[in-house]
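Encoded as structure tokens, the structure appears first; notes follow it.
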Amino acid sequence: MKPAHRIAILIIIGVVIILLLILSAQQSSGPLTESEMLAQADARIEKYRKGDAVLQLVGPEGRPIEAGQMVQIEQLRHKFLFGCNIFKLGWCRNQNDNAAYEKYFAQLLNYATLPFYWWTYEPQAGQTDDARTRQIVRWCKEHQVTTKGHPLAWNFKDPTWLSGTGETAMDKQFARIERCVGEFKNEIDIWDVVNEATHYDRAECKKNAPLLTEGITKMGVAAYVRQAFQAAREAHPQATLLINDYRTDADYAKKIIGELVDKTGKPLYDVIGIQSHMHGSYWGAQKTWQVCEDFAGFGKPLHFTEVTLLSGTEGWPPLQISPDPNFSWRSTPQGEQRQLEQVTEFYRVLFSHPAVEAITWWDFTDQGAWQGAPAGLLRDDMSPKPAYTELNRLIKEVWWTRTTTQAADNGQVKFRGFYGQYRLTVTTAQGPLTGTFQFDKETKKSIKVSLR
């Protein structure tokens, strides 16, 4: 063998050994530690939430703008959905509180969950709360807030007028799903279809929803969930449909999500919804990341649908905090500082995970919050808590794109920014020209922007 051949073989062997060592190190390192995961969060945000765009700017006469023109690019809206339930819109303590609610909601968020709890949405058979729902939908449209309905099927409580057998209750349940989704088609296109199916038979459900619980029991949970999704899909084939639960264990992953498929094995759902009410204690970054990793394995987007972190005493339920019947939760300076730290970390972790596409806070204000908890981003007097201020800074400043550049030949502009909706302004001798465009990770070609 010639010396040159021997050297080449040794080089190849050396490269193989290095590759094997790298692979072994990766395998032995295991999952990311919490410190590693947090340290890499900003890099993941840069990788998964931003992209490089090429714009083709066309002037009013249909010709590319001249090279060298100054171009200001400003983000208007995130592609990622930052949301909250909007249950208190117009229903706060007084007009000033209502105005504050609207102001702070529109300033921070682009996503709203609307209430469709059957027992309150249809208090009398056939008498639905469509009018108020349309008021909320109009407000959301005016403020570029995407809407979601919640929930279509949940056996937490039977409507007072519901009668008959479990089977007839199921028939009415599926008819309600078709009716709600069809009624608001193209106004509400995202739905939490089935809520908390993992624990449909808990004591309070049996007590408060005997007919619906009986119907699910006789039908079988898997069949019930599948038929609910099929009803929603028939009413609106293009809708985005979620399965939603507070469980993050195998009961949810295998018994509900794993069986929510059609006869060919194709998933009937579009998104996996994960509740994260943390009244008792904060999950922490490591658990949050692991939940994302576990459910990302289904290959579907994840929405964190109900997020609660308190700015007062932590504990769940309230009676475990204090036996005093007059006990009520209050937001405290110490609690608000803790909430600030937890919210900042929680949102950074979720925004940095590629499978997560939405985060919905639960109860925007302490005023009328679930369980009377200090769960809001606003205090009872509607003033912003530190967590609100920091989220606003992150969402609208740190995770927000504003840049100025120059047009190249043929009116071409390149920039890197967060996915979302944009407005650009070109300064010309005749005055400013403006245009808007949408940019997301699916954008593969240059984007034509017509200026006016």
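By convention in this document, the chains of the structure tokens carry letters A, B, ... by their order, each chain's residues are numbered from 1, and ligands are numbered from 1 in the order they are shown.
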
Open item on the list: So that I can see what lies close to Lys50 (chain A), please list as a PyMOL selection string the residues with an atom at most 9 Å from it, counting only C-alpha atoms and leaving out residues fewer than 2 positions away in the same chain.
Closed with: chain A and resi 45-48+52+416-419+440-441

Go ahead and save the picked residues with C-alpha atoms, as a PDB file, in the first residue's frame.
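Output (part21.pdb):
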```
ATOM      1  CA  ILE A  45     -36.373  32.179  19.952  1.00  0.00           C
ATOM      2  CA  GLU A  46     -34.050  33.601  17.327  1.00  0.00           C
ATOM      3  CA  LYS A  47     -34.147  30.312  15.429  1.00  0.00           C
ATOM      4  CA  TYR A  48     -37.831  29.390  15.642  1.00  0.00           C
ATOM      5  CA  ASP A  52     -35.176  36.172   6.754  1.00  0.00           C
ATOM      6  CA  ARG A 416     -34.720  39.523   9.485  1.00  0.00           C
ATOM      7  CA  GLY A 417     -37.655  39.728  11.837  1.00  0.00           C
ATOM      8  CA  PHE A 418     -40.250  38.000  13.968  1.00  0.00           C
ATOM      9  CA  TYR A 419     -43.029  36.253  12.088  1.00  0.00           C
ATOM     10  CA  ASP A 440     -44.238  33.602   8.522  1.00  0.00           C
ATOM     11  CA  LYS A 441     -42.065  30.517   8.468  1.00  0.00           C
TER      12      LYS A 441
END
```

Within 12 Å of region 193-200 of chain A, which residues of region 98-149 of chain A come that close, and what is the closest atom pair and distance in Å for each? Count only C-alpha atoms and give it as a Markdown table.
```
| residue | atom | partner | partner_atom | distance |
| --- | --- | --- | --- | --- |
| A:Phe116 | CA | A:Val193 | CA | 10.4 |
| A:Tyr117 | CA | A:Asn195 | CA | 10.5 |
| A:Lys148 | CA | A:Val193 | CA | 10.4 |
| A:Gly149 | CA | A:Val193 | CA | 8.4 |
```

Open item on the list: Show me, as a ChimeraX atom specification, the residues that have an atom within 12 Å of Ala43 (chain A) when counting only C-alpha atoms, minus same-chain residues fewer than 2 positions from it.
Closed with: /A:36-41,45-50,348-349,351-354

Can you write just those residues out, C-alpha atoms, as an mmCIF file, in the first residue's frame?
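The new file out36.cif reads:
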```
data_model
loop_
_atom_site.group_PDB
_atom_site.id
_atom_site.type_symbol
_atom_site.label_atom_id
_atom_site.label_comp_id
_atom_site.auth_asym_id
_atom_site.auth_seq_id
_atom_site.Cartn_x
_atom_site.Cartn_y
_atom_site.Cartn_z
ATOM 1 C CA GLU A 36 -28.934 24.712 29.745
ATOM 2 C CA MET A 37 -32.516 25.030 28.587
ATOM 3 C CA LEU A 38 -32.893 28.540 29.988
ATOM 4 C CA ALA A 39 -29.467 29.641 28.766
ATOM 5 C CA GLN A 40 -30.384 28.578 25.230
ATOM 6 C CA ALA A 41 -33.878 30.112 25.236
ATOM 7 C CA ILE A 45 -36.373 32.179 19.952
ATOM 8 C CA GLU A 46 -34.050 33.601 17.327
ATOM 9 C CA LYS A 47 -34.147 30.312 15.429
ATOM 10 C CA TYR A 48 -37.831 29.390 15.642
ATOM 11 C CA ARG A 49 -39.659 32.724 15.899
ATOM 12 C CA LYS A 50 -37.738 34.764 13.331
ATOM 13 C CA ARG A 348 -39.641 32.547 27.676
ATOM 14 C CA VAL A 349 -39.664 28.759 27.884
ATOM 15 C CA PHE A 351 -41.999 31.020 23.268
ATOM 16 C CA SER A 352 -38.679 29.270 22.727
ATOM 17 C CA HIS A 353 -40.205 25.827 22.118
ATOM 18 C CA PRO A 354 -40.883 25.185 18.414
#
```

- [ ] Might you pull out every residue within 10 Å of Trp139 (chain A), with only C-alpha atoms counted and same-chain residues fewer than 5 positions away left off, and present them as number ranges by chain?
- [x] A: 89, 102, 106, 133-134, 144-145

Same residues, N, CA and C atoms, saved as a PDB file, in the first residue's frame:
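Output file part-v8.pdb is given in full below:
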```pdb
ATOM      1  N   LEU A  89     -65.061  41.446  29.300  1.00  0.00           N
ATOM      2  CA  LEU A  89     -65.189  42.586  28.396  1.00  0.00           C
ATOM      3  C   LEU A  89     -66.568  43.227  28.561  1.00  0.00           C
ATOM      4  N   GLU A 102     -60.378  47.183  28.257  1.00  0.00           N
ATOM      5  CA  GLU A 102     -60.217  47.209  26.798  1.00  0.00           C
ATOM      6  C   GLU A 102     -58.841  47.746  26.401  1.00  0.00           C
ATOM      7  N   ALA A 106     -56.155  45.208  24.515  1.00  0.00           N
ATOM      8  CA  ALA A 106     -55.772  45.472  23.119  1.00  0.00           C
ATOM      9  C   ALA A 106     -54.301  45.835  22.988  1.00  0.00           C
ATOM     10  N   THR A 133     -71.999  37.424  22.215  1.00  0.00           N
ATOM     11  CA  THR A 133     -70.841  36.842  21.539  1.00  0.00           C
ATOM     12  C   THR A 133     -70.455  37.669  20.322  1.00  0.00           C
ATOM     13  N   ARG A 134     -71.449  38.109  19.563  1.00  0.00           N
ATOM     14  CA  ARG A 134     -71.144  38.904  18.374  1.00  0.00           C
ATOM     15  C   ARG A 134     -70.591  40.283  18.749  1.00  0.00           C
ATOM     16  N   GLN A 144     -57.952  43.654  15.887  1.00  0.00           N
ATOM     17  CA  GLN A 144     -57.104  42.609  15.298  1.00  0.00           C
ATOM     18  C   GLN A 144     -56.747  41.525  16.313  1.00  0.00           C
ATOM     19  N   VAL A 145     -57.762  41.072  17.018  1.00  0.00           N
ATOM     20  CA  VAL A 145     -57.609  39.997  17.996  1.00  0.00           C
ATOM     21  C   VAL A 145     -58.289  38.744  17.465  1.00  0.00           C
TER      22      VAL A 145
END
```

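Omitting Ser328 (chain A) and its sequence neighbours fewer than 5 positions away, and counting only C-alpha atoms, the residues within 12 Å are Gly312, Thr313, Pro317, Pro318, Leu319, Ile321, Ser322, Pro323, Asp366, Ala369, Gln371, Gly372, Ala373 and Pro374 of chain A.
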
- [ ] Excluding region 249-255 of chain A and any residue of its chain fewer than 5 positions from it, enumerate the residues within 12 Å of it, using only C-alpha atoms, and give them as a VMD selection string.
- [x] chain A and resid 195 to 200 220 to 223 225 243 to 244 260 to 261 272 to 275 287 290 to 292 294 to 298

Please produce an output containing N, CA and C atoms for each residue in the selection, written as a CSV table (one decimal), in the first residue's frame.
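Listed below is the output, part_30.csv:
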```
chain,number,residue,atom,x,y,z
A,195,ASN,N,-63.5,19.3,26.4
A,195,ASN,CA,-62.8,19.8,27.6
A,195,ASN,C,-62.7,18.7,28.7
A,196,GLU,N,-61.5,18.4,29.1
A,196,GLU,CA,-61.3,17.6,30.3
A,196,GLU,C,-62.0,16.2,30.2
A,197,ALA,N,-61.7,15.5,29.1
A,197,ALA,CA,-62.3,14.2,29.0
A,197,ALA,C,-61.6,13.2,29.8
A,198,THR,N,-60.4,13.5,30.3
A,198,THR,CA,-59.7,12.5,31.1
A,198,THR,C,-60.3,12.2,32.4
A,199,HIS,N,-61.1,13.2,32.9
A,199,HIS,CA,-61.7,13.1,34.2
A,199,HIS,C,-63.2,13.4,34.2
A,200,TYR,N,-63.8,12.9,33.1
A,200,TYR,CA,-65.2,13.3,33.0
A,200,TYR,C,-66.1,12.7,34.1
A,220,GLY,N,-68.9,5.7,25.8
A,220,GLY,CA,-67.5,5.4,25.9
A,220,GLY,C,-66.8,6.7,25.5
A,221,VAL,N,-65.7,7.0,26.3
A,221,VAL,CA,-65.1,8.3,26.2
A,221,VAL,C,-64.5,8.5,24.8
A,222,ALA,N,-63.8,7.5,24.3
A,222,ALA,CA,-63.2,7.7,22.9
A,222,ALA,C,-64.2,7.9,21.8
A,223,ALA,N,-65.3,7.2,21.9
A,223,ALA,CA,-66.4,7.4,20.9
A,223,ALA,C,-67.0,8.8,21.0
A,225,VAL,N,-65.6,11.6,22.3
A,225,VAL,CA,-64.6,12.6,21.8
A,225,VAL,C,-64.6,12.6,20.3
A,243,ILE,N,-58.3,19.7,21.3
A,243,ILE,CA,-58.6,18.8,22.4
A,243,ILE,C,-57.9,19.5,23.6
A,244,ASN,N,-58.7,19.7,24.8
A,244,ASN,CA,-58.1,20.5,25.8
A,244,ASN,C,-58.3,19.7,27.2
A,260,LEU,N,-57.9,9.7,19.4
A,260,LEU,CA,-58.7,10.7,18.7
A,260,LEU,C,-58.3,10.7,17.2
A,261,VAL,N,-58.5,9.6,16.6
A,261,VAL,CA,-58.2,9.4,15.2
A,261,VAL,C,-59.3,8.8,14.4
A,272,ILE,N,-53.1,20.4,20.1
A,272,ILE,CA,-53.3,19.9,21.5
A,272,ILE,C,-53.3,21.0,22.5
A,273,GLY,N,-54.4,21.1,23.3
A,273,GLY,CA,-54.5,22.1,24.3
A,273,GLY,C,-54.0,21.6,25.6
A,274,ILE,N,-53.2,22.4,26.3
A,274,ILE,CA,-52.7,22.1,27.6
A,274,ILE,C,-53.0,23.2,28.6
A,275,GLN,N,-53.8,22.8,29.7
A,275,GLN,CA,-54.1,23.7,30.7
A,275,GLN,C,-52.9,23.8,31.7
A,287,LYS,N,-40.2,21.3,34.2
A,287,LYS,CA,-41.4,20.6,34.0
A,287,LYS,C,-42.1,21.2,32.8
A,290,GLN,N,-40.5,19.9,29.7
A,290,GLN,CA,-40.7,18.5,29.5
A,290,GLN,C,-42.1,18.2,29.0
A,291,VAL,N,-43.1,18.9,29.5
A,291,VAL,CA,-44.5,18.8,29.0
A,291,VAL,C,-44.5,19.1,27.5
A,292,CYS,N,-43.8,20.2,27.1
A,292,CYS,CA,-43.8,20.5,25.7
A,292,CYS,C,-43.1,19.4,24.9
A,294,ASP,N,-42.9,16.2,25.6
A,294,ASP,CA,-43.7,15.0,25.6
A,294,ASP,C,-44.8,15.1,24.6
A,295,PHE,N,-45.6,16.2,24.5
A,295,PHE,CA,-46.7,16.3,23.7
A,295,PHE,C,-46.3,16.8,22.2
A,296,ALA,N,-45.1,17.3,22.1
A,296,ALA,CA,-44.7,17.6,20.7
A,296,ALA,C,-44.5,16.4,19.9
A,297,GLY,N,-44.3,15.2,20.6
A,297,GLY,CA,-44.1,14.0,19.9
A,297,GLY,C,-45.3,13.6,19.0
A,298,PHE,N,-46.5,14.2,19.3
A,298,PHE,CA,-47.6,13.8,18.4
A,298,PHE,C,-47.6,14.5,17.1
```

Task: DSSP strand (DSSP E or B) residues within region 32-252 of chain A, as JSON, numbers by chain - done: {"A": [50, 51, 52, 53, 54, 55, 56, 57, 58, 64, 70, 71, 72, 73, 74, 75, 76, 77, 78, 81, 82, 83, 84, 85, 111, 112, 113, 114, 115, 124, 127, 146, 147, 148, 149, 150, 153, 190, 191, 192, 193, 194, 195, 240, 241, 242, 243, 244, 245]}

TODO: Would you work out the distance separating CA of Asp380 (chain A) from CA of Tyr104 (chain A), expressed in Å to one decimal?
DONE: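 Separation of CA of Asp380 (chain A) and CA of Tyr104 (chain A): 13.6 Å.
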
Can you check which parts of region 294-413 of chain A lie within 12 Å of region 184-190 of chain A? Per residue, the shortest pair of atoms and distance in Å to one decimal, counting only C-alpha atoms, sorted by chain and number, as CSV.
```
residue,atom,partner,partner_atom,distance
A:His303,CA,A:Ile190,CA,11.3
A:Thr305,CA,A:Ile190,CA,11.9
A:Ala358,CA,A:Ile190,CA,11.7
```

- [ ] Would you list the contacts of region 62-79 of chain A as an MDAnalysis selection string, taking every protein, DNA or RNA residue within 9 Å and counting only C-alpha atoms, but skipping same-chain residues closer than 4 positions in sequence?
- [x] chainID A and resid 49 56:58 110 144 357 395:396 399:413 415 417:428 438:440 450

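Of the residues listed (A:Phe87, A:Phe346, A:Phe174, A:Phe105), A:Phe105 shows the shortest atom-to-atom separation from Leu377 (chain A); distances use only C-alpha atoms.
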
TODO: Select from region 243-376 of chain A everything DSSP, run on the backbone, classes as alpha helix (DSSP H), then give the selection as a PyMOL selection string.
DONE: chain A and resi 250+285-296+318-321+333-352

Could those selected residues go to a file with N, CA and C atoms, as a short mmCIF file (atom, residue, chain, number, x, y, z; two decimals), in the first residue's frame?
```cif
data_model
loop_
_atom_site.label_atom_id
_atom_site.label_comp_id
_atom_site.auth_asym_id
_atom_site.auth_seq_id
_atom_site.Cartn_x
_atom_site.Cartn_y
_atom_site.Cartn_z
N ALA A 250 -50.12 10.14 30.99
CA ALA A 250 -50.47 9.15 29.97
C ALA A 250 -51.97 9.07 29.72
N ALA A 285 -39.39 25.72 35.20
CA ALA A 285 -38.97 25.68 33.80
C ALA A 285 -38.79 24.26 33.30
N GLN A 286 -38.22 23.39 34.13
CA GLN A 286 -37.91 22.04 33.67
C GLN A 286 -39.18 21.25 33.35
N LYS A 287 -40.18 21.30 34.25
CA LYS A 287 -41.42 20.59 33.97
C LYS A 287 -42.12 21.18 32.76
N THR A 288 -42.14 22.50 32.65
CA THR A 288 -42.78 23.15 31.51
C THR A 288 -42.16 22.67 30.20
N TRP A 289 -40.86 22.65 30.16
CA TRP A 289 -40.16 22.19 28.95
C TRP A 289 -40.45 20.73 28.67
N GLN A 290 -40.47 19.90 29.71
CA GLN A 290 -40.70 18.48 29.50
C GLN A 290 -42.11 18.21 29.00
N VAL A 291 -43.10 18.93 29.50
CA VAL A 291 -44.47 18.79 28.99
C VAL A 291 -44.51 19.12 27.50
N CYS A 292 -43.83 20.17 27.12
CA CYS A 292 -43.75 20.52 25.69
C CYS A 292 -43.11 19.39 24.89
N GLU A 293 -42.03 18.86 25.38
CA GLU A 293 -41.33 17.78 24.68
C GLU A 293 -42.22 16.54 24.56
N ASP A 294 -42.91 16.19 25.63
CA ASP A 294 -43.74 15.00 25.62
C ASP A 294 -44.85 15.10 24.58
N PHE A 295 -45.55 16.23 24.54
CA PHE A 295 -46.71 16.34 23.66
C PHE A 295 -46.32 16.77 22.24
N ALA A 296 -45.14 17.32 22.07
CA ALA A 296 -44.66 17.64 20.72
C ALA A 296 -44.48 16.36 19.90
N PRO A 318 -58.57 26.97 47.97
CA PRO A 318 -58.40 28.03 48.97
C PRO A 318 -58.52 27.53 50.41
N LEU A 319 -59.37 26.55 50.68
CA LEU A 319 -59.56 26.06 52.04
C LEU A 319 -58.29 25.41 52.59
N GLN A 320 -57.39 25.00 51.70
CA GLN A 320 -56.13 24.44 52.18
C GLN A 320 -55.16 25.53 52.61
N ILE A 321 -55.43 26.75 52.20
CA ILE A 321 -54.58 27.86 52.59
C ILE A 321 -54.97 28.36 53.98
N PRO A 333 -47.40 42.86 47.32
CA PRO A 333 -46.14 43.24 46.65
C PRO A 333 -45.19 42.06 46.48
N GLN A 334 -45.09 41.23 47.52
CA GLN A 334 -44.20 40.06 47.42
C GLN A 334 -44.74 39.06 46.38
N GLY A 335 -46.06 38.87 46.40
CA GLY A 335 -46.66 37.96 45.44
C GLY A 335 -46.52 38.46 44.01
N GLU A 336 -46.61 39.76 43.83
CA GLU A 336 -46.48 40.32 42.48
C GLU A 336 -45.05 40.18 41.96
N GLN A 337 -44.09 40.28 42.84
CA GLN A 337 -42.70 40.07 42.42
C GLN A 337 -42.49 38.61 42.02
N ARG A 338 -43.03 37.69 42.81
CA ARG A 338 -42.92 36.27 42.46
C ARG A 338 -43.64 35.98 41.15
N GLN A 339 -44.84 36.53 40.97
CA GLN A 339 -45.57 36.32 39.72
C GLN A 339 -44.77 36.85 38.53
N LEU A 340 -44.16 38.02 38.70
CA LEU A 340 -43.34 38.60 37.64
C LEU A 340 -42.23 37.64 37.21
N GLU A 341 -41.52 37.09 38.18
CA GLU A 341 -40.41 36.20 37.87
C GLU A 341 -40.90 34.91 37.21
N GLN A 342 -41.99 34.36 37.71
CA GLN A 342 -42.52 33.12 37.15
C GLN A 342 -43.08 33.32 35.75
N VAL A 343 -43.82 34.41 35.56
CA VAL A 343 -44.39 34.70 34.25
C VAL A 343 -43.30 34.89 33.22
N THR A 344 -42.28 35.64 33.57
CA THR A 344 -41.18 35.90 32.63
C THR A 344 -40.52 34.60 32.20
N GLU A 345 -40.22 33.74 33.15
CA GLU A 345 -39.58 32.47 32.83
C GLU A 345 -40.51 31.56 32.03
N PHE A 346 -41.76 31.47 32.46
CA PHE A 346 -42.73 30.57 31.80
C PHE A 346 -42.92 30.96 30.34
N TYR A 347 -43.10 32.23 30.07
CA TYR A 347 -43.31 32.68 28.69
C TYR A 347 -42.04 32.52 27.85
N ARG A 348 -40.89 32.74 28.43
CA ARG A 348 -39.64 32.55 27.68
C ARG A 348 -39.48 31.09 27.27
N VAL A 349 -39.78 30.18 28.19
CA VAL A 349 -39.66 28.76 27.88
C VAL A 349 -40.63 28.38 26.76
N LEU A 350 -41.88 28.78 26.89
CA LEU A 350 -42.88 28.39 25.89
C LEU A 350 -42.61 29.05 24.54
N PHE A 351 -42.26 30.32 24.54
CA PHE A 351 -42.00 31.02 23.27
C PHE A 351 -40.77 30.45 22.57
N SER A 352 -39.89 29.83 23.32
CA SER A 352 -38.68 29.27 22.73
C SER A 352 -38.86 27.84 22.24
#
```

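The coordinates place CA of Tyr246 (chain A) at 16.2 Å from CA of Leu152 (chain A).
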